[in-house]
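Just my_file_3.cif here, mmCIF, C-alpha atoms:
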```cif
data_input
#
loop_
_atom_site.label_atom_id
_atom_site.label_comp_id
_atom_site.auth_asym_id
_atom_site.auth_seq_id
_atom_site.Cartn_x
_atom_site.Cartn_y
_atom_site.Cartn_z
CA MET A 1 32.38 18.30 -29.08
CA GLU A 2 29.73 19.35 -26.56
CA GLU A 3 29.86 17.80 -23.12
CA GLN A 4 26.70 16.13 -21.96
CA THR A 5 25.81 15.97 -18.28
CA ILE A 6 23.97 12.85 -17.23
CA LYS A 7 21.81 13.56 -14.24
CA THR A 8 21.68 10.78 -11.68
CA LYS A 9 18.19 9.49 -10.94
CA LYS A 10 16.74 10.12 -7.51
CA PRO A 11 16.82 7.16 -5.12
CA SER A 12 13.52 5.37 -4.53
CA LEU A 13 12.12 4.25 -1.18
CA PHE A 14 10.46 1.20 -2.68
CA GLY A 15 13.67 0.42 -4.54
CA MET A 16 15.22 -0.24 -1.11
CA ILE A 17 13.26 -3.50 -1.03
CA PHE A 18 14.49 -5.04 -4.27
CA GLN A 19 17.48 -2.94 -5.43
CA PRO A 20 19.11 -1.39 -2.34
CA GLY A 21 22.60 -1.29 -3.86
CA GLU A 22 21.40 0.81 -6.79
CA GLN A 23 19.56 3.19 -4.44
CA PHE A 24 22.71 3.70 -2.37
CA GLU A 25 24.67 4.59 -5.51
CA ARG A 26 21.99 7.15 -6.44
CA LEU A 27 21.81 8.42 -2.88
CA ARG A 28 25.55 9.05 -2.77
CA GLU A 29 25.34 11.22 -5.87
CA ARG A 30 21.93 12.76 -5.28
CA PRO A 31 20.74 12.56 -1.65
CA VAL A 32 17.01 13.24 -1.17
CA ILE A 33 15.40 14.21 2.12
CA TRP A 34 12.09 16.06 2.14
CA LEU A 35 9.65 13.88 0.18
CA PRO A 36 10.67 10.53 1.75
CA LEU A 37 10.84 12.18 5.20
CA ILE A 38 7.28 13.48 4.84
CA LEU A 39 6.07 10.08 3.65
CA LEU A 40 7.72 8.23 6.55
CA SER A 41 6.41 10.81 9.03
CA ILE A 42 2.88 10.13 7.77
CA LEU A 43 3.45 6.39 8.06
CA GLY A 44 4.88 6.96 11.57
CA THR A 45 1.65 8.75 12.50
CA VAL A 46 -0.43 5.83 11.21
CA ILE A 47 1.72 3.36 13.17
CA ALA A 48 1.40 5.39 16.37
CA VAL A 49 -2.40 5.63 16.03
CA LEU A 50 -2.68 1.89 15.32
CA THR A 51 -0.53 1.14 18.37
CA VAL A 52 -2.83 3.22 20.57
CA LEU A 53 -5.91 1.53 19.10
CA ASN A 54 -4.36 -1.88 19.78
CA VAL A 55 -3.83 -1.16 23.48
CA ASP A 56 -6.35 -2.70 25.90
CA TYR A 57 -6.65 0.14 28.42
CA SER A 58 -8.78 -1.92 30.79
CA THR A 59 -5.71 -4.06 31.60
CA LEU A 60 -3.42 -1.15 32.44
CA PRO A 61 -2.24 -0.88 36.08
CA GLY A 62 -4.01 1.60 38.33
CA PRO A 63 -7.59 2.23 39.46
CA ALA A 64 -10.37 0.82 37.32
CA MET A 65 -11.81 3.26 34.79
CA SER A 66 -15.38 3.65 33.63
CA ALA A 67 -16.34 3.18 29.96
CA GLU A 68 -16.35 6.96 29.47
CA GLU A 69 -12.91 7.30 31.05
CA LEU A 70 -11.54 4.52 28.86
CA GLU A 71 -12.84 6.24 25.72
CA LEU A 72 -11.41 9.58 26.85
CA THR A 73 -8.05 7.98 27.60
CA LYS A 74 -7.98 6.33 24.19
CA MET A 75 -8.94 9.59 22.47
CA PHE A 76 -6.10 11.47 24.16
CA GLY A 77 -3.79 8.55 23.33
CA ILE A 78 -4.70 8.79 19.65
CA ILE A 79 -4.14 12.58 19.59
CA PHE A 80 -0.81 12.61 21.41
CA GLY A 81 0.33 9.35 19.83
CA GLY A 82 -0.41 10.71 16.37
CA LEU A 83 1.47 13.93 17.08
CA GLY A 84 4.35 11.93 18.53
CA GLY A 85 4.47 9.75 15.43
CA LEU A 86 4.31 12.74 13.09
CA PHE A 87 7.08 14.78 14.69
CA GLY A 88 8.94 12.02 16.52
CA THR A 89 9.71 10.14 13.31
CA SER A 90 11.59 13.03 11.72
CA ILE A 91 13.28 13.99 14.99
CA GLY A 92 14.38 10.39 15.52
CA PHE A 93 15.91 10.19 12.05
CA LEU A 94 17.63 13.54 12.59
CA VAL A 95 19.17 12.49 15.92
CA VAL A 96 20.43 9.15 14.56
CA ALA A 97 21.85 10.87 11.47
CA ALA A 98 23.62 13.47 13.63
CA ILE A 99 25.23 10.82 15.86
CA LEU A 100 26.34 8.65 12.94
CA PHE A 101 27.61 11.75 11.16
CA GLY A 102 29.70 12.49 14.24
CA ILE A 103 31.10 8.95 14.13
CA ALA A 104 31.81 9.46 10.42
CA LYS A 105 33.78 12.63 11.09
CA ILE A 106 35.81 10.87 13.81
CA ALA A 107 36.53 8.12 11.26
CA LYS A 108 37.58 10.86 8.80
CA SER A 109 34.84 10.02 6.30
CA SER A 110 34.07 12.61 3.60
CA VAL A 111 30.31 11.95 3.80
CA SER A 112 28.12 15.06 4.06
CA PHE A 113 25.35 15.43 6.63
CA LYS A 114 22.78 15.52 3.83
CA GLN A 115 24.02 12.17 2.54
CA MET A 116 23.95 10.65 6.04
CA PHE A 117 20.49 12.03 6.80
CA SER A 118 19.17 10.70 3.50
CA LEU A 119 20.77 7.29 4.18
CA ILE A 120 19.09 7.03 7.59
CA ILE A 121 15.71 7.97 6.11
CA PHE A 122 15.91 5.46 3.27
CA THR A 123 17.12 2.56 5.44
CA GLY A 124 14.52 3.55 8.05
CA PHE A 125 11.84 2.78 5.46
CA ILE A 126 12.45 -0.92 6.10
CA THR A 127 11.72 -0.75 9.84
CA THR A 128 8.75 1.52 9.14
CA ILE A 129 7.03 -0.95 6.83
CA GLY A 130 7.82 -3.70 9.36
CA GLN A 131 6.14 -1.79 12.18
CA LEU A 132 3.18 -0.93 9.96
CA LEU A 133 2.72 -4.55 8.90
CA ASN A 134 2.94 -5.76 12.50
CA GLN A 135 0.45 -3.22 13.84
CA LEU A 136 -2.03 -3.93 11.04
CA ILE A 137 -1.91 -7.67 11.78
CA ILE A 138 -2.17 -7.04 15.54
CA PHE A 139 -5.17 -4.78 14.92
CA ALA A 140 -6.82 -7.56 12.89
CA ILE A 141 -6.17 -10.36 15.40
CA GLY A 142 -6.28 -8.38 18.64
CA GLY A 143 -2.70 -9.10 19.74
CA ASP A 144 -0.29 -7.29 22.03
CA PRO A 145 0.85 -4.07 20.26
CA TYR A 146 4.17 -4.14 22.13
CA VAL A 147 5.21 -7.58 20.88
CA MET A 148 6.31 -7.54 17.24
CA LEU A 149 4.92 -10.61 15.50
CA THR A 150 8.05 -10.83 13.37
CA SER A 151 10.37 -10.88 16.41
CA VAL A 152 11.96 -13.84 18.19
CA ASN A 153 10.00 -13.00 21.33
CA SER A 154 6.69 -13.53 19.53
CA LEU A 155 7.65 -17.23 19.34
CA ILE A 156 9.08 -17.54 22.86
CA GLY A 157 6.83 -15.16 24.78
CA ALA A 158 9.41 -14.17 27.40
CA ASP A 159 8.73 -11.33 29.86
CA GLY A 160 10.91 -8.69 31.49
CA VAL A 161 14.45 -8.00 30.38
CA LEU A 162 14.75 -11.26 28.40
CA GLY A 163 11.62 -10.38 26.46
CA ALA A 164 13.02 -6.92 25.80
CA VAL A 165 16.27 -8.36 24.44
CA LEU A 166 14.53 -10.95 22.26
CA GLY A 167 12.11 -8.31 21.01
CA VAL A 168 14.97 -6.42 19.35
CA PHE A 169 15.83 -9.49 17.23
CA GLU A 170 13.17 -8.92 14.62
CA VAL A 171 13.11 -9.71 10.90
CA PHE A 172 12.75 -6.14 9.63
CA GLN A 173 15.20 -4.81 12.21
CA ILE A 174 17.85 -7.33 11.08
CA TRP A 175 17.10 -6.43 7.45
CA TYR A 176 17.58 -2.78 8.39
CA TYR A 177 20.96 -3.45 10.01
CA VAL A 178 22.18 -5.33 6.93
CA LEU A 179 21.10 -2.52 4.60
CA LEU A 180 22.55 0.11 6.90
CA ALA A 181 25.94 -1.63 6.87
CA LEU A 182 25.84 -1.78 3.07
CA GLY A 183 24.78 1.86 2.89
CA LEU A 184 27.47 3.05 5.27
CA MET A 185 30.12 1.30 3.19
CA LYS A 186 28.82 2.63 -0.14
CA VAL A 187 27.81 6.15 0.88
CA SER A 188 30.18 6.91 3.77
CA ALA A 189 33.08 4.55 2.96
CA PHE A 190 32.91 3.24 6.55
CA GLN A 191 35.34 0.59 7.72
CA THR A 192 34.19 -2.42 9.77
CA GLY A 193 35.15 -0.87 13.12
CA SER A 194 33.07 2.24 12.50
CA ILE A 195 30.08 0.12 11.47
CA TYR A 196 30.34 -1.86 14.71
CA ASN A 197 30.29 1.40 16.69
CA CYS A 198 27.13 2.42 14.86
CA TYR A 199 25.56 -0.95 15.59
CA TYR A 200 26.30 -0.67 19.31
CA PHE A 201 24.54 2.68 19.42
CA LEU A 202 21.55 1.57 17.32
CA TYR A 203 21.05 -1.66 19.26
CA PHE A 204 21.08 0.21 22.57
CA ARG A 205 18.63 2.77 21.17
CA SER A 206 16.28 0.04 19.89
CA TYR A 207 16.47 -1.81 23.19
CA CYS A 208 15.63 1.29 25.24
CA CYS A 209 13.00 2.82 22.95
CA SER A 210 11.15 -0.30 21.87
CA ASN A 211 11.10 -2.04 25.24
CA TRP A 212 10.71 0.75 27.79
CA ARG A 213 7.83 -1.10 29.50
CA SER A 214 10.22 -3.79 30.73
CA PHE A 215 12.06 -1.47 33.09
#
```

Starting from the file, lay out its structure as structure tokens.
Amino acid sequence: MEEQTIKTKKPSLFGMIFQPGEQFERLRERPVIWLPLILLSILGTVIAVLTVLNVDYSTLPGPAMSAEELELTKMFGIIFGGLGGLFGTSIGFLVVAAILFGIAKIAKSSVSFKQMFSLIIFTGFITTIGQLLNQLIIFAIGGDPYVMLTSVNSLIGADGVLGAVLGVFEVFQIWYYVLLALGLMKVSAFQTGSIYNCYYFLYFRSYCCSNWRSF
């Protein structure tokens, strides 16, 4: 009797929205990196450009700028912001994956780096679509690009450190943390203590990176 090999389907980014558990099972058996990483890098570029376009440069601190200077500043912002979004997205995923992989090895998990990197990319899709949705709405209504409309701070409107803390509590970010915990358990066989350590790191990273203007 001939043996038949059933090839596991590739995980789907959009499947993370409605069937995340199934995607994690596929990801564990067949981790995918390049295509979703390229797609999220493109989306990261779009988000960065939208963020720059949503900034009102006339309100920035410093000497007043002429109309020509404002346009030049915005143009450079679009160029460097776009490049930052294109390369920064993949670098950010790589750094997070490397740190969590280190935690996994300390916890004696058998997860491979490819599996961890793929997990971070696929769960990162949730925060990416959240940022894209927020920046598109802000672009349409002319809001503050640094205040996520789906965050607690968008309702309270706090400034300074309190605003920075409340800004991290955001719908898509919470969704991301839930999926990440599920993914770490399914793909990496993480125990609760290891997941908490990952959360501490990710919360601190989100607080510093997303709210750097508050310092």

### Task
With the file shown as input, list the residues that the PyMOL selection byres ((chain A and resi 121) around 12) selects, as a VMD selection string.
chain A and resid 11 to 13 16 24 27 31 to 41 89 to 97 114 to 120 122 to 128 176 179 to 180 183

### Task
Name the closest residue to Arg28 (chain A) among the candidates A:Asn134, A:Gln173, A:Asn54, A:Ser188; distances are taken between atoms, counting all atoms listed in the file.
A:Ser188

### Message
I'd like to see the residues matched by the PyMOL selection byres ((chain A and resi 136) around 12) on this file, and ideally I'd get them as a ChimeraX atom specification.
### Response
/A:46-54,129-135,137-145,148-149

Please define a box with edges along x, y and z of the file around all atoms of region 109-118 of chain A given in the file, extend it by 8 Å on each side, and return its centre and edge lengths in Å to one decimal, as JSON.
```
{"center_x": 27.0, "center_y": 12.8, "center_z": 4.7, "size_x": 31.7, "size_y": 21.5, "size_z": 20.3}
```

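CA of Glu29 (chain A) to CA of Thr8 (chain A) spans 6.9 Å [interatomic distance, one decimal].
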
### Query
When you draw a straight line from CA of Tyr57 (chain A) to CA of Gly82 (chain A), how long is it in Å?
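Rounded to one decimal, the two atoms are 17.2 Å apart.
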
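Going from CA of Gly85 (chain A) to CA of Leu43 (chain A) covers 8.2 Å.
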